[in-house]
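Enquirer: File entry22.txt below, compact mmCIF, C-alpha atoms:
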```txt
# COMPACT_ATOMS: atom_id res chain seq x y z
CA MET A 83 31.76 49.09 30.59
CA ARG A 84 29.82 46.39 28.81
CA ARG A 85 31.45 44.66 25.81
CA PHE A 86 29.74 44.68 22.45
CA VAL A 87 30.19 42.52 19.39
CA PHE A 88 29.90 45.22 16.75
CA ARG A 89 32.26 47.94 15.60
CA LEU A 90 31.19 51.47 16.49
CA SER A 91 32.87 54.86 16.74
CA LEU A 92 32.64 55.70 20.46
CA ALA A 93 33.67 59.34 20.17
CA ALA A 94 32.10 60.68 23.34
CA LEU A 95 33.93 58.19 25.55
CA LEU A 96 37.15 60.08 24.86
CA LEU A 97 35.90 63.42 26.15
CA PRO A 98 37.33 64.14 29.62
CA ALA A 99 34.83 64.62 32.42
CA GLY A 100 33.49 68.15 32.55
CA ILE A 101 34.53 69.02 29.00
CA GLY A 102 31.79 69.92 26.53
CA LEU A 103 31.66 69.61 22.77
CA PRO A 104 34.84 70.22 20.74
CA GLY A 105 33.52 73.63 19.66
CA ALA A 106 33.93 74.84 23.22
CA LEU A 107 37.67 74.17 23.07
CA PRO A 108 39.01 75.50 19.74
CA ALA A 109 42.58 74.29 20.30
CA TRP A 110 41.46 70.76 21.24
CA ALA A 111 39.00 70.72 18.34
CA GLN A 112 41.70 71.68 15.88
CA GLU A 113 43.94 68.90 17.17
CA VAL A 114 41.39 66.09 17.01
CA GLN A 115 40.19 67.17 13.58
CA ARG A 116 43.73 67.18 12.23
CA ILE A 117 44.07 64.76 9.32
CA ALA A 118 45.50 61.38 10.26
CA ALA A 119 45.21 59.85 6.78
CA VAL A 120 43.80 60.56 3.34
CA VAL A 121 42.13 57.77 1.36
CA ASN A 122 41.59 58.84 -2.23
CA ASP A 123 39.72 62.12 -1.69
CA GLU A 124 38.44 61.49 1.84
CA ALA A 125 40.15 62.17 5.16
CA ILE A 126 40.38 60.21 8.41
CA SER A 127 40.88 62.53 11.39
CA LEU A 128 42.80 61.99 14.60
CA TYR A 129 39.38 62.07 16.26
CA ASP A 130 38.27 59.09 14.15
CA LEU A 131 41.45 57.21 14.99
CA ALA A 132 41.22 57.92 18.72
CA THR A 133 37.56 56.93 19.01
CA ARG A 134 38.07 53.70 17.08
CA THR A 135 41.09 52.84 19.23
CA ARG A 136 38.98 53.38 22.32
CA LEU A 137 36.27 51.16 20.87
CA ALA A 138 38.75 48.35 20.24
CA ILE A 139 39.97 48.57 23.83
CA VAL A 140 36.47 48.62 25.34
CA SER A 141 34.97 45.83 23.22
CA SER A 142 37.91 43.44 23.41
CA GLY A 143 38.67 43.88 27.10
CA LEU A 144 42.22 45.13 26.57
CA PRO A 145 43.77 47.26 29.32
CA ASP A 146 43.47 50.95 28.50
CA THR A 147 47.12 51.90 28.78
CA PRO A 148 49.34 54.07 26.59
CA ASP A 149 51.36 50.99 25.61
CA VAL A 150 48.27 49.06 24.46
CA ARG A 151 46.96 52.06 22.52
CA ARG A 152 50.32 52.47 20.85
CA ARG A 153 50.52 48.81 19.85
CA ILE A 154 47.00 48.47 18.46
CA GLN A 155 46.81 51.85 16.74
CA PRO A 156 48.42 50.67 13.47
CA GLN A 157 45.80 47.94 13.11
CA VAL A 158 43.01 50.36 14.00
CA MET A 159 44.26 52.75 11.34
CA ARG A 160 44.41 49.93 8.82
CA ALA A 161 40.82 48.96 9.64
CA LEU A 162 39.66 52.55 9.16
CA ILE A 163 41.43 52.79 5.81
CA ASP A 164 39.96 49.48 4.62
CA GLU A 165 36.48 50.57 5.69
CA LYS A 166 36.86 53.82 3.78
CA ILE A 167 38.01 51.99 0.64
CA GLN A 168 35.17 49.49 0.90
CA ALA A 169 32.51 52.18 1.28
CA GLN A 170 33.92 54.20 -1.61
CA GLU A 171 33.86 51.19 -3.94
CA ALA A 172 30.32 50.25 -2.89
CA ILE A 173 29.08 53.75 -3.67
CA ARG A 174 30.93 53.70 -7.01
CA GLN A 175 29.10 50.45 -7.83
CA ASN A 176 25.75 52.12 -6.99
CA ILE A 177 25.25 50.02 -3.87
CA THR A 178 22.93 51.60 -1.34
CA VAL A 179 21.57 50.67 2.08
CA SER A 180 17.93 51.41 2.81
CA ASP A 181 16.59 52.60 6.14
CA ALA A 182 14.81 49.24 6.51
CA GLU A 183 18.08 47.34 6.01
CA LEU A 184 19.79 49.56 8.55
CA ALA A 185 16.97 48.95 11.01
CA ASP A 186 17.28 45.17 10.50
CA ALA A 187 21.03 45.39 11.15
CA ILE A 188 20.44 47.36 14.35
CA ALA A 189 17.91 44.77 15.50
CA HIS A 190 20.46 42.02 14.83
CA ILE A 191 23.11 43.91 16.82
CA GLU A 192 20.70 44.26 19.73
CA GLN A 193 19.86 40.56 19.56
CA ARG A 194 23.52 39.50 19.56
CA ASN A 195 24.21 41.75 22.53
CA ARG A 196 21.04 40.60 24.38
CA MET A 197 19.62 44.10 24.33
CA PRO A 198 15.90 44.84 24.32
CA ARG A 199 14.44 46.44 21.23
CA GLY A 200 15.70 50.01 21.12
CA GLY A 201 18.63 49.09 23.34
CA LEU A 202 21.23 50.51 20.96
CA GLU A 203 19.57 53.92 20.97
CA THR A 204 19.47 53.81 24.77
CA PHE A 205 23.15 52.88 24.88
CA ILE A 206 24.03 55.78 22.55
CA GLN A 207 22.07 58.29 24.65
CA GLN A 208 23.29 57.03 28.01
CA ASN A 209 26.90 57.32 26.90
CA GLY A 210 26.54 60.60 25.04
CA LEU A 211 27.69 59.06 21.76
CA ASP A 212 27.58 60.62 18.32
CA ARG A 213 24.60 58.83 16.75
CA ASN A 214 25.60 59.75 13.20
CA SER A 215 29.04 58.19 13.73
CA VAL A 216 27.49 54.97 15.03
CA MET A 217 25.03 54.68 12.15
CA THR A 218 27.71 55.45 9.56
CA GLN A 219 29.84 52.61 10.89
CA ILE A 220 26.97 50.12 10.66
CA ARG A 221 25.92 51.36 7.23
CA ASN A 222 29.45 51.03 5.81
CA GLY A 223 29.60 47.42 6.93
CA LEU A 224 26.33 46.71 5.15
CA LEU A 225 27.59 48.41 1.98
CA TRP A 226 30.61 46.11 1.78
CA GLN A 227 28.56 43.02 2.57
CA LYS A 228 26.09 43.81 -0.22
CA LEU A 229 28.90 44.63 -2.66
CA VAL A 230 30.70 41.33 -2.00
CA THR A 231 27.47 39.38 -2.35
CA ARG A 232 26.50 41.07 -5.60
CA ARG A 233 29.91 41.00 -7.26
CA LEU A 234 31.48 37.80 -5.96
CA ARG A 235 28.94 35.27 -4.72
CA ALA A 236 28.21 33.86 -8.17
CA ASN A 237 31.91 32.95 -8.47
CA ALA A 238 31.92 31.28 -5.05
CA GLN A 239 29.34 28.58 -5.79
CA VAL A 240 30.35 24.93 -5.48
CA SER A 241 29.24 21.96 -7.54
CA GLU A 242 27.73 18.68 -6.39
CA GLU A 243 30.97 17.02 -7.50
CA GLU A 244 32.99 19.24 -5.16
CA ILE A 245 30.68 18.35 -2.30
CA ASP A 246 31.06 14.65 -3.17
CA GLU A 247 34.85 15.02 -3.18
CA GLN A 248 34.81 16.69 0.24
CA LEU A 249 32.54 13.97 1.63
CA ALA A 250 34.88 11.32 0.25
CA ARG A 251 37.87 13.02 1.92
CA LEU A 252 35.97 13.12 5.21
CA ARG A 253 35.14 9.43 5.01
CA GLU A 254 38.78 8.66 4.31
CA ALA A 255 39.69 10.80 7.32
CA GLN A 256 37.68 8.70 9.74
CA GLY A 257 39.82 7.99 12.75
CA ARG A 258 41.87 11.16 12.23
CA THR A 259 41.81 14.29 14.35
CA GLU A 260 39.75 17.38 13.57
CA TYR A 261 39.90 20.75 15.29
CA GLN A 262 37.29 23.31 16.25
CA LEU A 263 39.06 26.59 15.55
CA SER A 264 38.81 30.35 15.69
CA GLU A 265 41.05 32.48 13.52
CA ILE A 266 42.47 35.96 13.28
CA PHE A 267 43.94 36.99 9.93
CA LEU A 268 46.12 40.04 9.33
CA ALA A 269 46.94 40.67 5.67
CA VAL A 270 50.42 41.57 4.40
CA ASP A 271 49.97 43.52 1.19
CA SER A 272 53.60 44.51 0.62
CA PRO A 273 57.07 43.63 1.95
CA GLU A 274 57.28 47.10 3.52
CA ASN A 275 54.62 46.36 6.13
CA GLU A 276 55.65 42.75 6.83
CA GLU A 277 57.38 43.46 10.14
CA GLU A 278 54.68 45.86 11.29
CA ILE A 279 51.98 43.24 10.71
CA ARG A 280 54.03 40.49 12.36
CA GLN A 281 54.54 42.58 15.49
CA ALA A 282 50.84 43.44 15.58
CA ALA A 283 49.98 39.74 15.36
CA VAL A 284 52.42 38.90 18.15
CA GLY A 285 50.85 41.59 20.32
CA LEU A 286 47.31 40.33 19.72
CA ALA A 287 48.28 36.75 20.54
CA GLU A 288 49.89 37.94 23.75
CA GLN A 289 46.79 39.91 24.77
CA ILE A 290 44.59 36.85 24.20
CA ARG A 291 46.89 34.79 26.41
CA HIS A 292 46.44 37.44 29.10
CA GLY A 293 42.69 37.09 29.03
CA ALA A 294 41.35 39.12 26.10
CA PRO A 295 38.60 37.09 24.37
CA ILE A 296 39.68 35.91 20.93
CA SER A 297 36.16 36.47 19.58
CA GLU A 298 36.28 40.19 20.33
CA ILE A 299 39.87 40.55 19.11
CA ALA A 300 38.80 38.86 15.86
CA ARG A 301 35.81 41.17 15.42
CA GLN A 302 37.97 44.25 15.86
CA PHE A 303 41.12 43.30 13.98
CA SER A 304 40.74 40.22 11.78
CA GLN A 305 40.59 40.82 8.03
CA SER A 306 38.89 37.52 7.32
CA ALA A 307 35.14 37.20 6.69
CA SER A 308 34.99 35.11 9.87
CA ALA A 309 35.53 38.34 11.85
CA ALA A 310 31.75 38.83 11.71
CA THR A 311 31.29 35.62 13.74
CA GLY A 312 34.11 36.28 16.16
CA GLY A 313 36.63 34.32 14.07
CA ASP A 314 34.69 31.04 14.34
CA ILE A 315 35.54 28.73 11.40
CA GLY A 316 34.01 25.56 12.87
CA TRP A 317 35.49 22.07 12.61
CA ILE A 318 38.54 21.71 10.37
CA GLN A 319 39.71 18.23 9.44
CA LYS A 320 43.33 17.22 9.57
CA GLY A 321 44.66 17.15 6.03
CA THR A 322 42.87 20.32 4.88
CA LEU A 323 45.42 22.81 6.23
CA GLU A 324 49.09 23.18 5.37
CA PRO A 325 51.21 20.51 7.13
CA ASN A 326 53.26 23.03 9.11
CA VAL A 327 50.06 24.76 10.28
CA GLU A 328 48.50 21.45 11.36
CA ALA A 329 51.63 20.53 13.27
CA ILE A 330 51.43 23.78 15.25
CA ILE A 331 47.70 23.39 15.92
CA ASP A 332 48.17 19.76 16.93
CA SER A 333 50.70 20.77 19.57
CA THR A 334 48.57 23.66 20.89
CA PRO A 335 46.52 22.75 23.99
CA ILE A 336 42.75 23.17 23.94
CA GLY A 337 41.79 26.67 25.04
CA GLN A 338 45.07 28.21 23.86
CA VAL A 339 46.12 30.18 20.76
CA THR A 340 49.00 29.60 18.41
CA ASP A 341 51.81 32.02 17.79
CA PRO A 342 51.28 34.01 14.57
CA ILE A 343 51.76 31.75 11.54
CA ARG A 344 52.96 33.22 8.23
CA SER A 345 50.86 31.90 5.39
CA VAL A 346 49.85 33.00 1.92
CA GLY A 347 48.64 36.57 2.18
CA GLY A 348 49.50 37.31 5.78
CA TYR A 349 49.57 36.08 9.38
CA TYR A 350 47.09 33.75 11.07
CA ILE A 351 46.46 33.25 14.77
CA TYR A 352 44.42 30.13 15.56
CA GLY A 353 42.49 29.53 18.74
CA VAL A 354 42.05 25.80 19.46
CA ARG A 355 38.64 25.32 21.06
CA GLN A 356 38.20 21.55 20.82
CA LYS A 357 39.75 18.42 19.28
CA ARG A 358 38.03 15.15 18.39
CA MET A 359 38.25 12.14 16.13
CA VAL A 360 36.43 12.14 12.82
CA ALA A 361 33.91 9.33 13.02
CA ALA A 362 30.94 8.03 11.10
CA ALA A 363 27.81 7.35 13.09
CA SER A 364 27.41 3.98 14.75
CA PRO A 365 24.68 1.83 13.17
CA ASN A 366 23.38 1.32 16.70
CA ASP A 367 22.49 5.04 16.87
CA ALA A 368 20.09 4.78 13.92
CA HIS A 369 16.35 4.85 14.65
CA VAL A 370 13.82 2.64 12.90
CA THR A 371 10.05 2.59 12.87
CA LEU A 372 9.34 -1.13 13.13
CA SER A 373 6.21 -3.15 12.38
CA GLN A 374 5.78 -6.82 13.29
CA LEU A 375 3.49 -9.71 12.51
CA LEU A 376 3.26 -12.75 14.80
CA ILE A 377 2.00 -16.04 13.41
CA PRO A 378 1.20 -18.13 16.51
CA VAL A 379 1.92 -21.85 16.64
CA ASP A 380 -0.81 -24.17 17.92
CA GLY A 381 0.49 -26.47 20.61
CA GLY A 382 3.30 -24.10 21.55
CA THR A 383 6.42 -26.19 20.97
CA ASN A 384 5.01 -28.63 18.39
CA ALA A 385 7.81 -29.01 15.83
CA THR A 386 5.43 -29.83 12.96
CA GLY A 387 3.32 -26.81 13.75
CA ARG A 388 6.32 -24.54 13.86
CA LEU A 389 7.58 -25.80 10.51
CA GLY A 390 4.20 -25.16 8.89
CA GLN A 391 3.92 -21.66 10.31
CA LYS A 392 7.48 -20.89 9.28
CA GLU A 393 6.66 -21.84 5.70
CA LEU A 394 3.54 -19.68 5.93
CA ALA A 395 5.65 -16.79 7.13
CA GLU A 396 7.84 -17.21 4.05
CA THR A 397 4.81 -16.67 1.82
CA VAL A 398 4.04 -13.44 3.68
CA ARG A 399 7.24 -11.94 2.36
CA ASP A 400 5.86 -12.03 -1.19
CA SER A 401 2.38 -10.75 -0.35
CA VAL A 402 3.03 -7.73 1.88
CA SER A 403 3.44 -4.38 0.11
CA GLY A 404 4.13 -2.19 3.14
CA CYS A 405 3.76 -1.83 6.90
CA ALA A 406 0.10 -0.90 6.57
CA ASP A 407 -0.49 -4.20 4.74
CA PHE A 408 0.43 -6.25 7.83
CA GLY A 409 -3.10 -5.77 9.16
CA ARG A 410 -4.69 -7.26 6.06
CA VAL A 411 -2.37 -10.26 6.04
CA ALA A 412 -2.96 -10.90 9.76
CA LYS A 413 -6.69 -10.91 9.16
CA GLU A 414 -6.38 -13.36 6.26
CA LEU A 415 -4.18 -15.67 8.34
CA GLY A 416 -6.35 -15.41 11.42
CA ALA A 417 -3.34 -14.03 13.32
CA PRO A 418 -3.54 -11.38 16.05
CA PRO A 419 -3.70 -7.78 14.67
CA PRO A 420 -0.19 -6.29 14.58
CA PRO A 421 0.53 -3.53 17.11
CA ASP A 422 1.13 0.01 15.89
CA PRO A 423 4.64 0.54 14.45
CA GLN A 424 7.16 1.69 17.07
CA ARG A 425 10.09 4.06 16.68
CA LEU A 426 13.12 2.40 18.30
CA ARG A 427 16.87 2.91 18.54
CA VAL A 428 18.63 0.00 16.85
CA GLY A 429 21.11 -0.36 19.70
CA ASP A 430 18.27 -0.89 22.16
CA LEU A 431 16.94 -3.98 20.36
CA ALA A 432 17.75 -7.50 21.50
CA PRO A 433 21.03 -8.67 19.89
CA ARG A 434 19.33 -11.22 17.64
CA ILE A 435 16.70 -8.72 16.42
CA ARG A 436 19.30 -5.95 16.11
CA GLU A 437 21.38 -8.00 13.69
CA ILE A 438 18.37 -8.61 11.45
CA VAL A 439 17.05 -5.03 11.54
CA THR A 440 20.48 -3.48 10.88
CA ASN A 441 20.60 -5.10 7.44
CA LEU A 442 16.88 -4.83 6.64
CA LYS A 443 15.89 -2.34 3.95
CA VAL A 444 12.86 -0.09 4.33
CA GLY A 445 9.74 -1.98 3.15
CA GLU A 446 11.49 -5.37 3.16
CA VAL A 447 10.08 -8.28 5.20
CA SER A 448 12.54 -10.12 7.39
CA GLU A 449 13.29 -13.81 7.42
CA PRO A 450 10.94 -15.71 9.79
CA ILE A 451 12.13 -15.45 13.39
CA GLU A 452 11.22 -18.22 15.81
CA VAL A 453 10.05 -16.95 19.19
CA ASP A 454 8.30 -18.62 22.13
CA GLN A 455 4.83 -17.64 20.91
CA GLY A 456 5.32 -18.70 17.27
CA VAL A 457 6.97 -17.21 14.19
CA LEU A 458 7.64 -13.48 13.86
CA VAL A 459 8.30 -11.37 10.76
CA LEU A 460 9.47 -7.75 10.87
CA MET A 461 9.42 -4.79 8.51
CA VAL A 462 11.25 -1.47 8.77
CA CYS A 463 8.69 1.20 7.89
CA GLN A 464 11.17 4.10 8.20
CA ARG A 465 14.88 4.42 8.96
CA GLU A 466 16.68 7.50 10.32
CA GLU A 467 20.42 7.11 9.99
CA ALA A 468 22.53 8.65 12.73
CA GLN A 469 24.78 11.52 11.63
CA GLY A 470 27.74 11.10 13.96
CA ASN A 471 30.05 14.10 13.66
CA MET A 472 30.18 13.99 9.87
CA PRO A 473 28.75 17.19 8.34
CA THR A 474 25.75 17.13 6.08
CA ARG A 475 25.93 18.02 2.39
CA ASP A 476 24.37 21.42 3.11
CA GLU A 477 26.94 22.11 5.83
CA ILE A 478 29.79 21.13 3.51
CA ALA A 479 28.42 23.34 0.73
CA GLU A 480 28.02 26.28 3.10
CA GLY A 481 31.58 25.89 4.38
CA LEU A 482 33.09 25.69 0.89
CA VAL A 483 31.15 28.74 -0.29
CA ARG A 484 32.20 30.69 2.81
CA GLN A 485 35.87 29.84 2.29
CA ARG A 486 35.77 30.74 -1.39
CA LEU A 487 33.86 33.99 -0.82
CA ASP A 488 36.29 34.99 1.93
CA LEU A 489 39.26 34.48 -0.39
CA LEU A 490 37.61 36.40 -3.23
CA ALA A 491 36.66 39.28 -0.91
CA ARG A 492 40.20 39.56 0.43
CA ARG A 493 41.61 39.64 -3.09
CA TYR A 494 39.05 42.27 -4.06
CA LEU A 495 40.00 44.47 -1.11
CA ARG A 496 43.72 43.92 -1.78
CA ASP A 497 43.31 45.13 -5.37
CA LEU A 498 41.25 48.14 -4.27
CA ARG A 499 43.85 49.01 -1.67
CA ARG A 500 46.71 48.79 -4.16
CA ALA A 501 44.85 51.07 -6.59
CA ALA A 502 43.90 53.62 -3.95
CA PHE A 503 45.75 56.79 -3.00
CA ILE A 504 46.57 56.40 0.70
CA ASP A 505 48.51 59.05 2.63
CA VAL A 506 49.01 58.17 6.32
CA ARG A 507 50.21 61.19 8.29
CA VAL A 508 50.55 59.78 11.82
```
Could you write out this file's structure as structure tokens?
Expert:
Amino acid sequence: MRRFVFRLSLAALLLPAGIGLPGALPAWAQEVQRIAAVVNDEAISLYDLATRTRLAIVSSGLPDTPDVRRRIQPQVMRALIDEKIQAQEAIRQNITVSDAELADAIAHIEQRNRMPRGGLETFIQQNGLDRNSVMTQIRNGLLWQKLVTRRLRANAQVSEEEIDEQLARLREAQGRTEYQLSEIFLAVDSPENEEEIRQAAVGLAEQIRHGAPISEIARQFSQSASAATGGDIGWIQKGTLEPNVEAIIDSTPIGQVTDPIRSVGGYYIYGVRQKRMVAAASPNDAHVTLSQLLIPVDGGTNATGRLGQKELAETVRDSVSGCADFGRVAKELGAPPPPDPQRLRVGDLAPRIREIVTNLKVGEVSEPIEVDQGVLVLMVCQREEAQGNMPTRDEIAEGLVRQRLDLLARRYLRDLRRAAFIDVRV
């Protein structure tokens, strides 16, 4: 069975071969429709729980054994309860999802799964799935996303000063290690479920070590906003996580996951994808668009002629107002027309020229440079600084907003969960 990166209720996959709809088997129907949990005034059936458990197994590549189903079922139940709470709150806040928004979400799912347009419908039909169940699952996810954006995003904005502070920390961190990480977060809302959550985290880490992809495990079980991107949280600089967490990550080989780490709010599992040194870009990797003006010397090596042309070149510095002005000056001096400006990598220039260009500002004329043909002056028309592996301001802002919104959303869900009536019966 193909793996998919979205959460669906795959009810039909649980029907044994040769068995029709539940209505044909009253005893079986009664069993699967038995209430597994009540969330406020809505029920979750055993059928819902079984189909979601099957989905988690199929999409994450876990072995479909009674032991695996038993171990992941508590987390599946928790996900169902959270989804129910989220949808109820969204509806209470008058959040709705239009048919057009649902269609866009389906198109995005098909794109992520490399399906052709209409591929999800084909998948549903080919596997005999309950279309209403699939669409409800997608719609509920959109409801929560819109609710979080409407209620919390304004409080997650970051200031220019915060971006400046993060940039300063990154510059100070040059030469230190940074990690490209994936995460799985399981929340602990009360001391009563501490051990249950810890054991679930241990089981997930073990399944990943046995080959289950961390991205699919994150999508199915993680309670962090990064679950939508398979747990990917990008590059994290050393010094931004808790010291004990960094020590564990530092000792974890690339391609491996950590043991569950107890932190504020719950347990984290980190997948270490890459490690590298934080480094600013080398000046040699910058690109410049360079214009040049050659003032030839009559007599080639005549010292007097060179001195006069060098003094003439000095006067050029005060009379040129830009790269385009080199042509005018050349004409006035009777010098050869300058060639078209060239875009060059600084590191590819001759050492002597490289040293001059590295420190030359855009629009500034260089000191006269003696060459075999005469005296040369240069101007940088445009400079493109290399980025290295330092993030841009926009990337920093996006990361800070994402972290803040994730924290606010988790707190929001925690408060909703604490206020809800939840009766788990299995």
Enquirer: Find, counting only C-alpha atoms, the residue in A:Met461, A:Ala236, A:Val398, A:Ile126 that gets nearest to Gly445 in chain A.
Expert: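 Checking each of A:Met461, A:Ala236, A:Val398, A:Ile126 against Gly445 in chain A, counting only C-alpha atoms, the winner is A:Met461.
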Enquirer: Nearest to Ala119 in chain A among A:Glu446, A:Glu192, A:Glu183, A:Asp505, with distances taken over all atoms listed in the file: which residue is it?
Expert: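 Checking each candidate against Ala119 in chain A, we get A:Asp505 as the closest.
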Enquirer: Between A:Gln424, A:Gln455, A:Gln262, A:Asn222, which residue has the minimum interatomic distance to Gln374 in chain A, considering only C-alpha atoms?
Expert: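 The closest residue to Gln374 in chain A is A:Gln424.
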Enquirer: Rounded to one decimal, what separation in Å do you get between CA of Phe205 in chain A and CA of Arg116 in chain A?
Expert: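 Computing the Euclidean distance for CA of Phe205 in chain A and CA of Arg116 in chain A yields 28.1 Å.
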Enquirer: Pick from A:Gln289, A:Ser127, A:Gln256, A:Gln356: nearest to Gly143 in chain A, with only C-alpha atoms counted?
Expert: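 For Gly143 in chain A, the nearest of the given residues is A:Gln289.
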Enquirer: Take the point (41.4, 50.8, 23.6) as written in the file and pick out every residue within 9 Å of it, counting all atoms listed in the file; give the list as a list of chain:residue names.
Expert: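 The residues near that point, listed by chain and number, are A:Ala132, A:Thr133, A:Arg134, A:Thr135, A:Arg136, A:Leu137, A:Ala138, A:Ile139, A:Val140, A:Ser141, A:Ser142, A:Gly143, A:Leu144, A:Pro145, A:Asp146, A:Thr147, A:Val150, A:Arg151, A:Ile154, A:Gln155.
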Enquirer: If you keep C-alpha atoms, can you produce a file of those selected residues as a PDB file, in the coordinates of the input?
Expert:
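Saved the output as result.pdb:
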```
ATOM      1  CA  ALA A 132      41.220  57.920  18.720  1.00  0.00           C
ATOM      2  CA  THR A 133      37.560  56.930  19.010  1.00  0.00           C
ATOM      3  CA  ARG A 134      38.070  53.700  17.080  1.00  0.00           C
ATOM      4  CA  THR A 135      41.090  52.840  19.230  1.00  0.00           C
ATOM      5  CA  ARG A 136      38.980  53.380  22.320  1.00  0.00           C
ATOM      6  CA  LEU A 137      36.270  51.160  20.870  1.00  0.00           C
ATOM      7  CA  ALA A 138      38.750  48.350  20.240  1.00  0.00           C
ATOM      8  CA  ILE A 139      39.970  48.570  23.830  1.00  0.00           C
ATOM      9  CA  VAL A 140      36.470  48.620  25.340  1.00  0.00           C
ATOM     10  CA  SER A 141      34.970  45.830  23.220  1.00  0.00           C
ATOM     11  CA  SER A 142      37.910  43.440  23.410  1.00  0.00           C
ATOM     12  CA  GLY A 143      38.670  43.880  27.100  1.00  0.00           C
ATOM     13  CA  LEU A 144      42.220  45.130  26.570  1.00  0.00           C
ATOM     14  CA  PRO A 145      43.770  47.260  29.320  1.00  0.00           C
ATOM     15  CA  ASP A 146      43.470  50.950  28.500  1.00  0.00           C
ATOM     16  CA  THR A 147      47.120  51.900  28.780  1.00  0.00           C
ATOM     17  CA  VAL A 150      48.270  49.060  24.460  1.00  0.00           C
ATOM     18  CA  ARG A 151      46.960  52.060  22.520  1.00  0.00           C
ATOM     19  CA  ILE A 154      47.000  48.470  18.460  1.00  0.00           C
ATOM     20  CA  GLN A 155      46.810  51.850  16.740  1.00  0.00           C
TER      21      GLN A 155
END
```
Enquirer: As number ranges by chain, please: the residues near Ile438 in chain A (cut-off 8 Å, all atoms listed in the file, same-chain neighbours under 4 positions excluded).
Expert: A: 434, 442, 448
Enquirer: Quick one: distance from CA of His292 in chain A to CA of Ala309 in chain A in Å, one decimal?
Expert: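 So the two atoms, CA of His292 in chain A and CA of Ala309 in chain A, lie 20.4 Å apart.
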Enquirer: Distance CA of Gly416 in chain A-CA of Glu449 in chain A, one decimal place?
Expert: 20.1 Å
Enquirer: Restricting the calculation to only C-alpha atoms: of A:Thr440, A:Arg194, A:Val459, A:Tyr349, which residue gets closest to Ala395 in chain A?
Expert: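 Nearest to Ala395 in chain A: A:Val459.
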Enquirer: From the list A:Gln227, A:Gln157, A:Thr334, A:Asn195, which residue is nearest Asn275 in chain A when using all atoms listed in the file?
Expert: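 Closest residue, counting all atoms listed in the file: A:Gln157.
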Enquirer: Leaving out range 314-317 of chain A and any residue of its chain fewer than 3 positions from it, which residues lie within 7 Å of it when counting all atoms listed in the file, given as a PDB file with C-alpha atoms, in the frame of the given file?
Expert:
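The result, stored in part.pdb:
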```pdb
ATOM      1  CA  GLU A 260      39.750  17.380  13.570  1.00  0.00           C
ATOM      2  CA  TYR A 261      39.900  20.750  15.290  1.00  0.00           C
ATOM      3  CA  GLN A 262      37.290  23.310  16.250  1.00  0.00           C
ATOM      4  CA  LEU A 263      39.060  26.590  15.550  1.00  0.00           C
ATOM      5  CA  SER A 264      38.810  30.350  15.690  1.00  0.00           C
ATOM      6  CA  GLU A 265      41.050  32.480  13.520  1.00  0.00           C
ATOM      7  CA  SER A 308      34.990  35.110   9.870  1.00  0.00           C
ATOM      8  CA  THR A 311      31.290  35.620  13.740  1.00  0.00           C
TER       9      THR A 311
END
```
Enquirer: Please identify all polymer residues lying at most 10 Å from the point (29.9, 50.6, -4.6) (file coordinates), using all atoms listed in the file, and present the result as a ChimeraX atom specification.
Expert: /A:167-178,225-226,228-230,233
Enquirer: Which residues are near Arg291 in chain A? Cut-off 10 Å, only C-alpha atoms, ignore same chain within fewer than 6 positions. Put them as JSON, numbers by chain.
Expert: {"A": [285, 337, 338, 339, 340]}
Enquirer: Taking 2 positions as the minimum chain separation for residues in the same chain, which residues sit within 12 Å of Arg436 in chain A when counting all atoms listed in the file? Answer as a ChimeraX atom specification.
Expert: /A:365-370,372,426-434,438-442,448,460,462
Enquirer: Quick one: which range 236-278 of chain A residues come within 10 Å of range 471-475 of chain A, and what is the nearest atom pair for each with the distance in Å to one decimal, counting all atoms listed in the file, rows ordered by chain and ascending number, as JSON lines?
Expert:
```
{"residue": "A:Glu242", "atom": "CA", "partner": "A:Arg475", "partner_atom": "CA", "distance": 9.0}
{"residue": "A:Ile245", "atom": "CA", "partner": "A:Arg475", "partner_atom": "CA", "distance": 6.7}
{"residue": "A:Asp246", "atom": "CA", "partner": "A:Arg475", "partner_atom": "CA", "distance": 8.3}
{"residue": "A:Gln248", "atom": "CA", "partner": "A:Arg475", "partner_atom": "CA", "distance": 9.2}
{"residue": "A:Leu249", "atom": "CA", "partner": "A:Arg475", "partner_atom": "CA", "distance": 7.8}
{"residue": "A:Leu252", "atom": "CA", "partner": "A:Met472", "partner_atom": "CA", "distance": 7.5}
{"residue": "A:Arg253", "atom": "CA", "partner": "A:Met472", "partner_atom": "CA", "distance": 8.3}
{"residue": "A:Gln256", "atom": "CA", "partner": "A:Met472", "partner_atom": "CA", "distance": 9.2}
```
Enquirer: At a cut-off of 10 Å, using only C-alpha atoms, what residues contact Leu184 in chain A? Leave out same-chain residues fewer than 3 positions from it and give the result as a VMD selection string.
Expert: chain A and resid 179 to 181 187 to 190 217 to 218 220 to 221 224
